[in-house]
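Trainee: Quick one, coords.txt (compact mmCIF, C-alpha atoms):
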```
# COMPACT_ATOMS: atom_id res chain seq x y z
CA LYS A 365 -40.43 -330.79 79.36
CA ALA A 366 -37.09 -329.10 78.81
CA GLY A 367 -37.08 -325.33 78.69
CA VAL A 368 -35.25 -323.00 76.37
CA THR A 369 -31.56 -323.81 76.56
CA GLN A 370 -28.87 -321.28 75.82
CA THR A 371 -25.17 -322.01 75.55
CA PRO A 372 -22.74 -320.96 76.74
CA ARG A 373 -23.91 -319.30 79.95
CA TYR A 374 -20.93 -316.98 80.17
CA LEU A 375 -18.48 -315.75 77.59
CA ILE A 376 -15.55 -313.36 77.67
CA LYS A 377 -14.26 -312.04 74.37
CA THR A 378 -11.80 -309.43 73.24
CA ARG A 379 -12.74 -306.36 71.22
CA GLY A 380 -12.68 -307.12 67.51
CA GLN A 381 -13.38 -310.83 67.88
CA GLN A 382 -16.58 -312.50 66.83
CA VAL A 383 -18.91 -314.69 68.87
CA THR A 384 -21.66 -317.23 68.24
CA LEU A 385 -24.40 -317.90 70.75
CA SER A 386 -26.69 -320.90 70.60
CA CYS A 387 -30.33 -321.43 71.53
CA SER A 388 -32.34 -324.64 71.63
CA PRO A 389 -36.06 -323.87 71.82
CA ILE A 390 -38.71 -325.94 73.51
CA SER A 391 -39.63 -328.91 71.36
CA GLY A 392 -42.40 -327.95 68.96
CA HIS A 393 -41.73 -324.22 69.21
CA ARG A 394 -41.02 -322.80 65.77
CA SER A 395 -40.69 -319.13 66.61
CA VAL A 396 -37.38 -318.10 68.15
CA SER A 397 -36.52 -314.55 69.15
CA TRP A 398 -33.37 -312.92 70.49
CA TYR A 399 -33.10 -309.98 72.86
CA GLN A 400 -30.25 -307.93 74.27
CA GLN A 401 -30.49 -306.79 77.88
CA THR A 402 -28.27 -304.04 79.26
CA PRO A 403 -28.60 -301.83 82.36
CA GLY A 404 -28.81 -298.71 80.22
CA GLN A 405 -31.11 -299.80 77.40
CA GLY A 406 -33.10 -302.55 79.05
CA LEU A 407 -34.46 -305.35 76.89
CA GLN A 408 -34.23 -304.74 73.18
CA PHE A 409 -35.43 -306.93 70.33
CA LEU A 410 -32.76 -308.25 68.00
CA PHE A 411 -34.57 -310.57 65.58
CA GLU A 412 -37.15 -313.30 65.24
CA TYR A 413 -37.08 -316.48 63.19
CA PHE A 414 -39.84 -318.81 62.14
CA SER A 415 -39.27 -321.91 60.03
CA GLU A 416 -35.72 -320.81 59.20
CA THR A 417 -36.87 -317.39 57.96
CA GLN A 418 -36.10 -314.09 59.64
CA ARG A 419 -39.48 -312.39 59.96
CA ASN A 420 -38.53 -309.35 61.96
CA LYS A 421 -35.36 -307.46 62.85
CA GLY A 422 -34.62 -304.87 65.48
CA ASN A 423 -32.60 -301.72 65.18
CA PHE A 424 -29.11 -303.17 65.50
CA PRO A 425 -26.11 -302.85 63.18
CA GLY A 426 -25.34 -305.49 60.59
CA ARG A 427 -22.66 -306.94 62.87
CA PHE A 428 -25.52 -308.73 64.57
CA SER A 429 -26.87 -311.64 62.60
CA GLY A 430 -28.66 -314.87 63.22
CA ARG A 431 -30.06 -317.98 61.68
CA GLN A 432 -32.41 -320.81 62.42
CA PHE A 433 -31.95 -324.42 61.48
CA SER A 434 -34.53 -326.94 60.32
CA ASN A 435 -34.83 -328.32 63.86
CA SER A 436 -35.71 -324.79 65.06
CA ARG A 437 -32.42 -324.36 66.92
CA SER A 438 -31.05 -320.89 66.45
CA GLU A 439 -27.72 -319.14 66.58
CA MET A 440 -26.82 -315.51 66.72
CA ASN A 441 -23.48 -314.10 65.69
CA VAL A 442 -21.85 -310.82 66.56
CA SER A 443 -18.81 -309.85 64.52
CA THR A 444 -16.15 -307.25 65.29
CA LEU A 445 -17.13 -307.07 68.94
CA GLU A 446 -17.25 -303.71 70.67
CA LEU A 447 -17.17 -302.97 74.39
CA GLY A 448 -20.79 -301.84 74.16
CA ASP A 449 -21.85 -305.32 73.06
CA SER A 450 -21.35 -306.54 76.62
CA ALA A 451 -24.80 -307.65 77.67
CA LEU A 452 -27.08 -310.50 78.59
CA TYR A 453 -28.42 -312.08 75.41
CA LEU A 454 -31.77 -313.79 75.83
CA CYS A 455 -33.41 -316.28 73.55
CA ALA A 456 -37.12 -316.97 73.65
CA SER A 457 -39.33 -319.47 71.87
CA SER A 458 -43.02 -319.85 71.24
CA PRO A 459 -45.32 -322.29 69.44
CA SER A 460 -47.28 -319.28 68.29
CA PRO A 461 -46.29 -315.74 69.28
CA GLN A 462 -49.74 -314.69 70.48
CA ASP A 463 -49.35 -317.31 73.23
CA GLY A 464 -46.35 -315.44 74.60
CA TYR A 465 -42.74 -316.45 74.73
CA THR A 466 -40.73 -318.71 77.02
CA PHE A 467 -37.31 -317.30 77.79
CA GLY A 468 -33.98 -318.97 78.36
CA SER A 469 -31.55 -318.06 81.12
CA GLY A 470 -29.40 -316.10 78.73
CA THR A 471 -25.76 -315.88 77.74
CA ARG A 472 -23.78 -313.19 79.50
CA LEU A 473 -21.23 -311.77 77.10
CA THR A 474 -18.41 -309.62 78.36
CA VAL A 475 -16.21 -307.83 75.85
CA VAL A 476 -12.85 -306.65 77.16
CA ALA B 595 -42.66 -296.10 66.88
CA GLN B 596 -44.04 -298.33 69.58
CA ARG B 597 -43.09 -297.39 73.08
CA VAL B 598 -43.95 -298.75 76.52
CA THR B 599 -43.55 -296.57 79.59
CA GLN B 600 -43.37 -297.81 83.14
CA PRO B 601 -42.98 -294.65 85.22
CA GLU B 602 -41.91 -296.32 88.47
CA LYS B 603 -38.54 -298.01 88.82
CA LEU B 604 -39.38 -299.22 92.29
CA LEU B 605 -42.66 -299.80 94.06
CA SER B 606 -42.44 -300.64 97.73
CA VAL B 607 -45.51 -301.85 99.66
CA PHE B 608 -46.37 -303.80 102.78
CA LYS B 609 -47.87 -307.27 102.71
CA GLY B 610 -51.62 -307.12 102.33
CA ALA B 611 -51.62 -303.70 100.68
CA PRO B 612 -53.06 -303.18 97.19
CA VAL B 613 -50.62 -302.98 94.32
CA GLU B 614 -50.86 -301.13 91.03
CA LEU B 615 -47.95 -301.20 88.59
CA LYS B 616 -48.46 -298.57 85.94
CA CYS B 617 -47.93 -299.06 82.23
CA ASN B 618 -48.67 -296.76 79.31
CA TYR B 619 -48.13 -297.60 75.68
CA SER B 620 -47.98 -295.77 72.40
CA TYR B 621 -49.09 -297.62 69.34
CA SER B 622 -51.25 -296.43 66.51
CA GLY B 623 -52.88 -299.78 65.80
CA SER B 624 -54.50 -302.31 68.09
CA PRO B 625 -51.86 -303.27 70.61
CA GLU B 626 -51.25 -306.68 72.00
CA LEU B 627 -50.09 -306.36 75.58
CA PHE B 628 -48.48 -308.63 78.12
CA TRP B 629 -46.99 -308.56 81.57
CA TYR B 630 -43.80 -310.54 82.12
CA VAL B 631 -42.24 -311.16 85.53
CA GLN B 632 -38.78 -312.10 86.70
CA TYR B 633 -38.42 -313.46 90.21
CA SER B 634 -35.02 -313.44 91.90
CA ARG B 635 -32.60 -315.84 90.19
CA GLN B 636 -35.29 -317.07 87.81
CA ARG B 637 -35.98 -316.65 84.13
CA LEU B 638 -38.22 -314.04 82.65
CA GLN B 639 -41.70 -315.53 82.39
CA LEU B 640 -45.09 -314.58 81.04
CA LEU B 641 -47.52 -313.48 83.73
CA LEU B 642 -50.58 -312.62 81.72
CA ARG B 643 -51.87 -311.54 78.30
CA HIS B 644 -54.53 -308.94 77.74
CA ILE B 645 -56.27 -310.99 75.05
CA SER B 646 -57.06 -313.78 77.48
CA ARG B 647 -58.43 -311.42 80.18
CA GLU B 648 -57.18 -313.83 82.82
CA SER B 649 -56.18 -313.48 86.44
CA ILE B 650 -52.88 -315.08 87.35
CA LYS B 651 -51.63 -315.29 90.95
CA GLY B 652 -54.31 -312.75 91.84
CA PHE B 653 -53.03 -310.20 89.31
CA THR B 654 -55.27 -308.62 86.70
CA ALA B 655 -54.65 -306.03 84.02
CA ASP B 656 -57.22 -304.12 82.03
CA LEU B 657 -56.54 -302.48 78.72
CA ASN B 658 -57.77 -298.89 78.66
CA LYS B 659 -57.53 -297.68 75.08
CA GLY B 660 -58.68 -294.18 75.96
CA GLU B 661 -55.82 -293.70 78.42
CA THR B 662 -53.50 -296.04 76.48
CA SER B 663 -52.80 -297.86 79.71
CA PHE B 664 -52.44 -301.46 80.83
CA HIS B 665 -51.90 -301.23 84.58
CA LEU B 666 -51.25 -304.40 86.60
CA LYS B 667 -53.23 -304.72 89.82
CA LYS B 668 -53.49 -306.98 92.81
CA PRO B 669 -55.76 -306.28 95.76
CA PHE B 670 -53.55 -307.81 98.45
CA ALA B 671 -49.80 -308.09 97.90
CA GLN B 672 -47.84 -311.09 99.15
CA GLU B 673 -44.13 -311.27 99.91
CA GLU B 674 -43.68 -313.80 97.12
CA ASP B 675 -44.86 -311.17 94.64
CA SER B 676 -41.55 -309.36 95.05
CA ALA B 677 -40.01 -309.37 91.58
CA MET B 678 -39.24 -307.31 88.50
CA TYR B 679 -42.31 -306.69 86.35
CA TYR B 680 -42.16 -305.76 82.68
CA CYS B 681 -45.01 -304.39 80.64
CA VAL B 682 -44.66 -305.52 77.04
CA SER B 683 -46.37 -304.68 73.80
CA SER B 684 -46.07 -306.41 70.49
CA SER B 685 -46.49 -305.42 66.90
CA GLY B 686 -48.98 -307.05 64.60
CA GLY B 687 -47.97 -310.66 64.38
CA TYR B 688 -46.87 -310.68 68.01
CA ASN B 689 -43.34 -311.67 67.14
CA LYS B 690 -41.53 -308.50 68.18
CA LEU B 691 -41.83 -307.62 71.84
CA ILE B 692 -41.29 -304.07 73.03
CA PHE B 693 -40.37 -304.01 76.70
CA GLY B 694 -40.89 -301.27 79.22
CA ALA B 695 -38.01 -300.45 81.53
CA GLY B 696 -39.53 -302.56 84.29
CA THR B 697 -40.77 -301.89 87.80
CA ARG B 698 -39.25 -303.63 90.77
CA LEU B 699 -41.95 -304.55 93.27
CA ALA B 700 -40.79 -305.02 96.84
CA VAL B 701 -43.35 -306.41 99.29
CA HIS B 702 -42.32 -306.02 102.91
CA PRO B 703 -43.61 -308.16 105.79
```
Using structure tokens, write down the structure that the file contains.

Mentor:
Amino acid sequence: KAGVTQTPRYLIKTRGQQVTLSCSPISGHRSVSWYQQTPGQGLQFLFEYFSETQRNKGNFPGRFSGRQFSNSRSEMNVSTLELGDSALYLCASSPSPQDGYTFGSGTRLTVV
Amino acid sequence: AQRVTQPEKLLSVFKGAPVELKCNYSYSGSPELFWYVQYSRQRLQLLLRHISRESIKGFTADLNKGETSFHLKKPFAQEEDSAMYYCVSSSGGYNKLIFGAGTRLAVHP
């Protein structure tokens, strides 16, 4: 079956712009989480959605937001981009979180 | 706050040697712990979960609540075990994963 699909794979944006990243979970997976990975901070939790509801949020500024649609697909948005937002953004999905998550390949965002 | 510590950035061993990747956690409740692995040019993937007490690819991990540790062990390392290993804990509800910094395991022939 298809894995977790993230689009686009690579993105270059200018400081101050906004960006939207997309994630299509594995069919049947209702929990979708987002993580930011940087060399300095490692993997950090952004937020988790289940049945279109945000159930948990990490310690990121309000410029980072997300949503989940009725088909479980999810998007995350970062507004007013800063250089420090350059990172690999990973999406993960699970049928039930205690079973563990399946990760996508990520979207590499570069802010210049 | 929850925290996961992996003290070694790099662990280098020879093929056939035992491996132990260390992990310590801080969490006041009952932790749920996982090991995730990322092989070269592959996605991050779940290796094992402490609740299932399973052995995957010869790896095992035992939760020691007294020492707040969840070390990953394998008696005989193989070259294909070379990868980045992350110890991960989750809050109640499992839906927020806290990652350690990761340990890169290099198995030499």

Trainee: Determine which residues of chain A sit within 8 Å of chain B, taking into account all atoms listed in the file, and present them as a PDB file with C-alpha atoms, in the frame of the given file.

Mentor:
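New file result-v2.pdb:
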```
ATOM      1  CA  SER A 395     -40.690-319.130  66.610  1.00  0.00           C
ATOM      2  CA  SER A 397     -36.520-314.550  69.150  1.00  0.00           C
ATOM      3  CA  GLY A 406     -33.100-302.550  79.050  1.00  0.00           C
ATOM      4  CA  LEU A 407     -34.460-305.350  76.890  1.00  0.00           C
ATOM      5  CA  GLN A 408     -34.230-304.740  73.180  1.00  0.00           C
ATOM      6  CA  PHE A 409     -35.430-306.930  70.330  1.00  0.00           C
ATOM      7  CA  PHE A 411     -34.570-310.570  65.580  1.00  0.00           C
ATOM      8  CA  GLU A 412     -37.150-313.300  65.240  1.00  0.00           C
ATOM      9  CA  ASN A 420     -38.530-309.350  61.960  1.00  0.00           C
ATOM     10  CA  PRO A 461     -46.290-315.740  69.280  1.00  0.00           C
ATOM     11  CA  GLN A 462     -49.740-314.690  70.480  1.00  0.00           C
ATOM     12  CA  GLY A 464     -46.350-315.440  74.600  1.00  0.00           C
ATOM     13  CA  TYR A 465     -42.740-316.450  74.730  1.00  0.00           C
ATOM     14  CA  THR A 466     -40.730-318.710  77.020  1.00  0.00           C
ATOM     15  CA  PHE A 467     -37.310-317.300  77.790  1.00  0.00           C
ATOM     16  CA  GLY A 468     -33.980-318.970  78.360  1.00  0.00           C
ATOM     17  CA  SER A 469     -31.550-318.060  81.120  1.00  0.00           C
TER      18      SER A 469
END
```

Trainee: Ranking B:Val631, B:Val607, B:Ala595, B:Cys617 by minimum distance to Glu661 (chain B) and counting only C-alpha atoms, which one comes first?

Mentor: B:Cys617

Trainee: Can you pull out the residues contacting Ser386 (chain A)? Cut-off 7 Å, using all atoms listed in the file, and skip same-chain residues under 4 positions away; I want them as a ChimeraX atom specification.

Mentor: /A:370-371,438-440

Trainee: So that I have them on file, write out the residues from the current selection with C-alpha atoms, as a PDB file, in the frame of the given file.

Mentor:
```pdb
ATOM      1  CA  GLN A 370     -28.870-321.280  75.820  1.00  0.00           C
ATOM      2  CA  THR A 371     -25.170-322.010  75.550  1.00  0.00           C
ATOM      3  CA  SER A 438     -31.050-320.890  66.450  1.00  0.00           C
ATOM      4  CA  GLU A 439     -27.720-319.140  66.580  1.00  0.00           C
ATOM      5  CA  MET A 440     -26.820-315.510  66.720  1.00  0.00           C
TER       6      MET A 440
END
```

Trainee: Calculate how many Å separate CA of Ala456 (chain A) from CA of Val442 (chain A), rounding to one decimal.

Mentor: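 One can read the CA of Ala456 (chain A) to CA of Val442 (chain A) distance as 17.9 Å.
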
Trainee: For CA of Asp449 (chain A) and CA of Pro372 (chain A), quote the distance in Å rounded to one decimal.

Mentor: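 Calculated distance between CA of Asp449 (chain A) and CA of Pro372 (chain A) is 16.1 Å.
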
Trainee: Which of these residues is nearest to Ser620 (chain B), using all atoms listed in the file: B:Ser676, B:Gln600, B:Thr654, B:Ser634?

Mentor: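 Among B:Ser676, B:Gln600, B:Thr654, B:Ser634, it is B:Gln600 that comes nearest to Ser620 (chain B).
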